[in-house]
Amino acid sequence: MAAAPAAAVDSIREQQWHLDAMKAPEIWQTTKGAGVTVAVIDGGFKLDHPDLVGQLLPGKDFSGLPGGLGEGAIGHGTGIAGLIAGSGKGLGGKGAYGLAPGSKLLPIKTLSGSNSTSVVSGSEFLRQIDQAIIYAADQGAKVINISQAGDAAGFSAADIADLKAAVAHAGSKGSLVIAGAGNSAQKGNPVQYPAALPTVVAVGAVGRDGMVIDESERGKQIDLVAPGMDMYDPCSEASGYCKTRGTSDATAIVSASAALVFSAHPDWSPNQVLRVLINTAGKPSSGAARTDEVGFGVVRPRIALTTPGDPGPADVSPLDGQQGSDPVPSPAASAPAGDPTKGATTPAESPAAGAPATNAAPSEGSDAVTVPGSQTADGNDSGSTNTVWIIGGGAIGAAVLIGVVVAIVAARRRSAASAAAVAAPVPMPVGAPQGYPGAPRPPYGQQPPPQYGQQAPYGQQPPAPPQYGAPADPPSDNPYSR
């Protein structure tokens with residue numbers, strides 16, 4: 001459906017509710033993230049965006065696409081970078097601010113659903129992610145942000161082993177790797193990598209009320225959640241700004257939170273920074289240490305900075321024993337989805353044997369924001385039909401909701417009788433229906449209530465919002481600051 005431009009605004013900063021909810025001005029009195037480099041592995045960056053000028057370090061392009069680190073019409077990487085370290089210099093100082101505006105960004109470009117209209121295999125997708133992680137760690141990035149996610153069914157055990165090695169290398173260099181859990185909770189909730197790796201911090205998305213948004217993945221891999229609804233950030237739209245949603249945005253907020261803690265405690269290891277973020281997170285009211293909906297809770301960097309508590313041992317991960325067994329795909333599971341002899345297909349679809357699954361997954365939304373003196377073109381609110389991997393964060397496309405996802409089917413042996421035959425990559429259709437099963441996603445102002453855990457039918461009262469644990473400050477209705 002057509003995506004109408006968001007209402008005109010004079011100040012992007014005034015629309016960034018998450019900064020106010022998390023009490024960013026108070027945080028910035030302690031630290032803005034100075035001295036910390038955050039690597040952003042994404043599909044490209046608008047290098048001359050006023051909110052990013054002066055924030056970007058020389059990076060590297062692993063994608064092989066034209067244009068170097070820059071990008072074309074889609075602003076996913078630009079938005080993620082802005083949410084982390086945007087300076088707000090646009091619109092005469094009223095532009096988009098990052099949660100850690102004093103940190104520096106290391107831009108790294110890889111093939112992703114936000115920049116590739118060609119076919120790329122699952123192995124190639126992860127190979128570039130591996131290279132980017134190793135490069136970022138070797139360049140001294142303390143935080144590595146990956147707002148991308150790929151379905152486990154598209155990767156072999158060897159692919160996952162290589163990813164493990166890359167993340168282990170990052171850990172040995174003092175880097176914390178953070179990734180979006182993905183946005184397919186309503187389409188089978190498939191395991192997504194890199195976030196599913198137990199050594200990677202997996203991030204889900206919540207709204208203003210602290211409730212998990214519908215599309216955010218659930219599962220034992222979830223470690224933290226963060227704001228990921230109605231986010232205002234830089235993009236490649238003519239106005240320079242978009243309103244977005246999804247686990248990509250939430251991942252950027254957790255990465256920025258980690259940068260703030262690293263800045264305040266430069267002698268802490270990644271394990272200690274993560275332990276403090278976990279220990280100070282807003283906890284679910286269930287009393288459980290963690291849940292599959294919110295992990296250990298809503299990230300609260302202000303509390304992590306003011307009352308961090310004991311950071312614990314530098315060489316022990318707080319995730320050890322918390323995420324369960326590593327869901328490494330078996331040889332059967334890594335076969336093309338839809339082959340009834342080799343693993344299970346996604347619950348939403350059961351294609352004929354040998355045919356690649358094409359499941360329309362709800363991806364994140366992006367509406368162009370109109371600011372004074374700008375023009376915004378309408379476009380199609382498009383979705384993503386995916387086989388193996390999708391973007392794991394706020395799809396910050398141009399004037400439209402763009403879920404351009406590269407369908408990838410890794411070449412596999414179909415049977416002993418046809419060992420030479422392989423599954424051919426299938427190009428991604430553009431403009432597939434977007435949103436909830438069976439219907440386009442409603443406009444932003446008409447969203448059904450976010451659900452905490454199981455989705456309630458339309459028209460029924462959803463479960464009450466979770467009340468997060470004992471407040472460090474006087475009681476407040478704000479789940480982000482308690």
# chains A, B, ... in the order shown; residues from 1 in each chain; ligands from 1
$ residues_around --residues "Lys164 of chain A" --least-positions-apart "5" --cutoff "10 Å" --atoms "only C-alpha atoms" --output "VMD selection string"
chain A and resid 130 158 to 159 169 to 170 194 197 to 200
$ residues_around --residues "Leu319 of chain A" --least-positions-apart "2" --cutoff "9 Å" --atoms "only C-alpha atoms" --output "PyMOL selection string"
chain A and resi 198-201+223+271+274-275+316-317+321-323
$ write_last_selection --atoms "N, CA and C atoms" --output "tab-separated table (two decimals), in the first residue's frame"
chain	number	residue	atom	x	y	z
A	198	PRO	N	25.42	-17.75	20.59
A	198	PRO	CA	25.42	-17.45	22.03
A	198	PRO	C	26.44	-16.39	22.45
A	199	THR	N	27.46	-16.17	21.65
A	199	THR	CA	28.48	-15.17	22.00
A	199	THR	C	28.16	-13.79	21.44
A	200	VAL	N	27.01	-13.65	20.78
A	200	VAL	CA	26.56	-12.37	20.25
A	200	VAL	C	25.39	-11.87	21.08
A	201	VAL	N	25.35	-10.58	21.37
A	201	VAL	CA	24.24	-9.98	22.11
A	201	VAL	C	23.06	-9.81	21.16
A	223	ASP	N	18.68	-11.35	24.47
A	223	ASP	CA	19.42	-10.92	25.65
A	223	ASP	C	18.89	-9.61	26.22
A	271	ASN	N	32.84	-8.24	28.55
A	271	ASN	CA	32.01	-9.02	29.46
A	271	ASN	C	31.50	-8.17	30.61
A	274	LEU	N	28.81	-5.68	29.31
A	274	LEU	CA	27.55	-6.39	29.07
A	274	LEU	C	26.89	-6.81	30.37
A	275	ARG	N	27.69	-7.26	31.34
A	275	ARG	CA	27.13	-7.70	32.62
A	275	ARG	C	26.40	-6.54	33.31
A	316	VAL	N	34.78	-13.68	32.09
A	316	VAL	CA	33.63	-14.57	32.12
A	316	VAL	C	32.43	-13.87	31.51
A	317	SER	N	31.83	-14.47	30.50
A	317	SER	CA	30.68	-13.85	29.85
A	317	SER	C	29.43	-14.01	30.68
A	321	GLY	N	25.77	-20.10	29.74
A	321	GLY	CA	24.72	-20.91	30.34
A	321	GLY	C	23.34	-20.29	30.30
A	322	GLN	N	23.20	-19.11	29.70
A	322	GLN	CA	21.90	-18.43	29.70
A	322	GLN	C	21.09	-18.69	28.45
A	323	GLN	N	21.77	-18.92	27.33
A	323	GLN	CA	21.05	-19.00	26.07
A	323	GLN	C	20.76	-20.42	25.62
$ closest_atom_pairs --of "segment 60-176 of chain A" --to "segment 23-42 of chain A" --cutoff "8 Å" --atoms "only C-alpha atoms" --output "tab-separated table"
residue	atom	partner	partner_atom	distance
A:His76	CA	A:Asp42	CA	7.5
A:Gly77	CA	A:Asp42	CA	5.2
A:Ile80	CA	A:Val40	CA	7.6
A:Ala81	CA	A:Val40	CA	6.7
A:Leu99	CA	A:Ala24	CA	6.7
A:Ala100	CA	A:Lys32	CA	5.0
A:Pro101	CA	A:Lys32	CA	5.6
A:Gly102	CA	A:Ala34	CA	4.5
A:Ser103	CA	A:Gly33	CA	4.6
A:Lys104	CA	A:Thr37	CA	4.8
A:Leu105	CA	A:Val38	CA	5.0
A:Leu106	CA	A:Ala39	CA	4.3
A:Pro107	CA	A:Val40	CA	5.2
A:Ile108	CA	A:Ile41	CA	4.8
A:Lys109	CA	A:Asp42	CA	5.3
A:Thr110	CA	A:Asp42	CA	5.9
A:Leu111	CA	A:Asp42	CA	7.7
A:Ser112	CA	A:Asp42	CA	7.0
A:Ile129	CA	A:Ile41	CA	7.5
A:Ala132	CA	A:Ile41	CA	6.7
A:Ile133	CA	A:Ile41	CA	8.0
A:Ala136	CA	A:Ala39	CA	6.0
A:Gly140	CA	A:Thr37	CA	7.1
A:Ala141	CA	A:Thr37	CA	4.8
A:Lys142	CA	A:Thr37	CA	5.8
A:Val143	CA	A:Val38	CA	4.8
A:Ile144	CA	A:Ala39	CA	4.7
A:Asn145	CA	A:Val40	CA	4.9
A:Ile146	CA	A:Ile41	CA	5.3
A:Ser147	CA	A:Asp42	CA	6.9
A:Gln148	CA	A:Asp42	CA	7.4
$ atom_distance --atom1 "atom CA of Pro284 of chain A" --atom2 "atom CA of Pro313 of chain A"
25.5 Å
$ select_by_dssp --residues "segment 160-336 of chain A" --states "alpha helix (DSSP H)" --output "count of residues only"
47
$ residues_around --residues "Asp230 of chain A" --least-positions-apart "5" --cutoff "7 Å" --atoms "only C-alpha atoms" --output "PyMOL selection string"
chain A and resi 243-245
$ closest_residue --among "A:Gln55, A:Ser285, A:Ser175, A:Gln221" --to "Ala196 of chain A" --atoms "only C-alpha atoms"
A:Gln221
$ closest_residue --among "A:Val177, A:Leu69, A:Met22, A:Ala195" --to "Gly282 of chain A" --atoms "only C-alpha atoms"
A:Met22
$ closest_residue --among "A:Val369, A:Ile303, A:Val273, A:Ala96" --to "Leu83 of chain A" --atoms "only C-alpha atoms"
A:Ala96
$ closest_residue --among "A:Ser239, A:Ser172, A:Gln15, A:Ser263" --to "Asp315 of chain A" --atoms "only C-alpha atoms"
A:Ser172
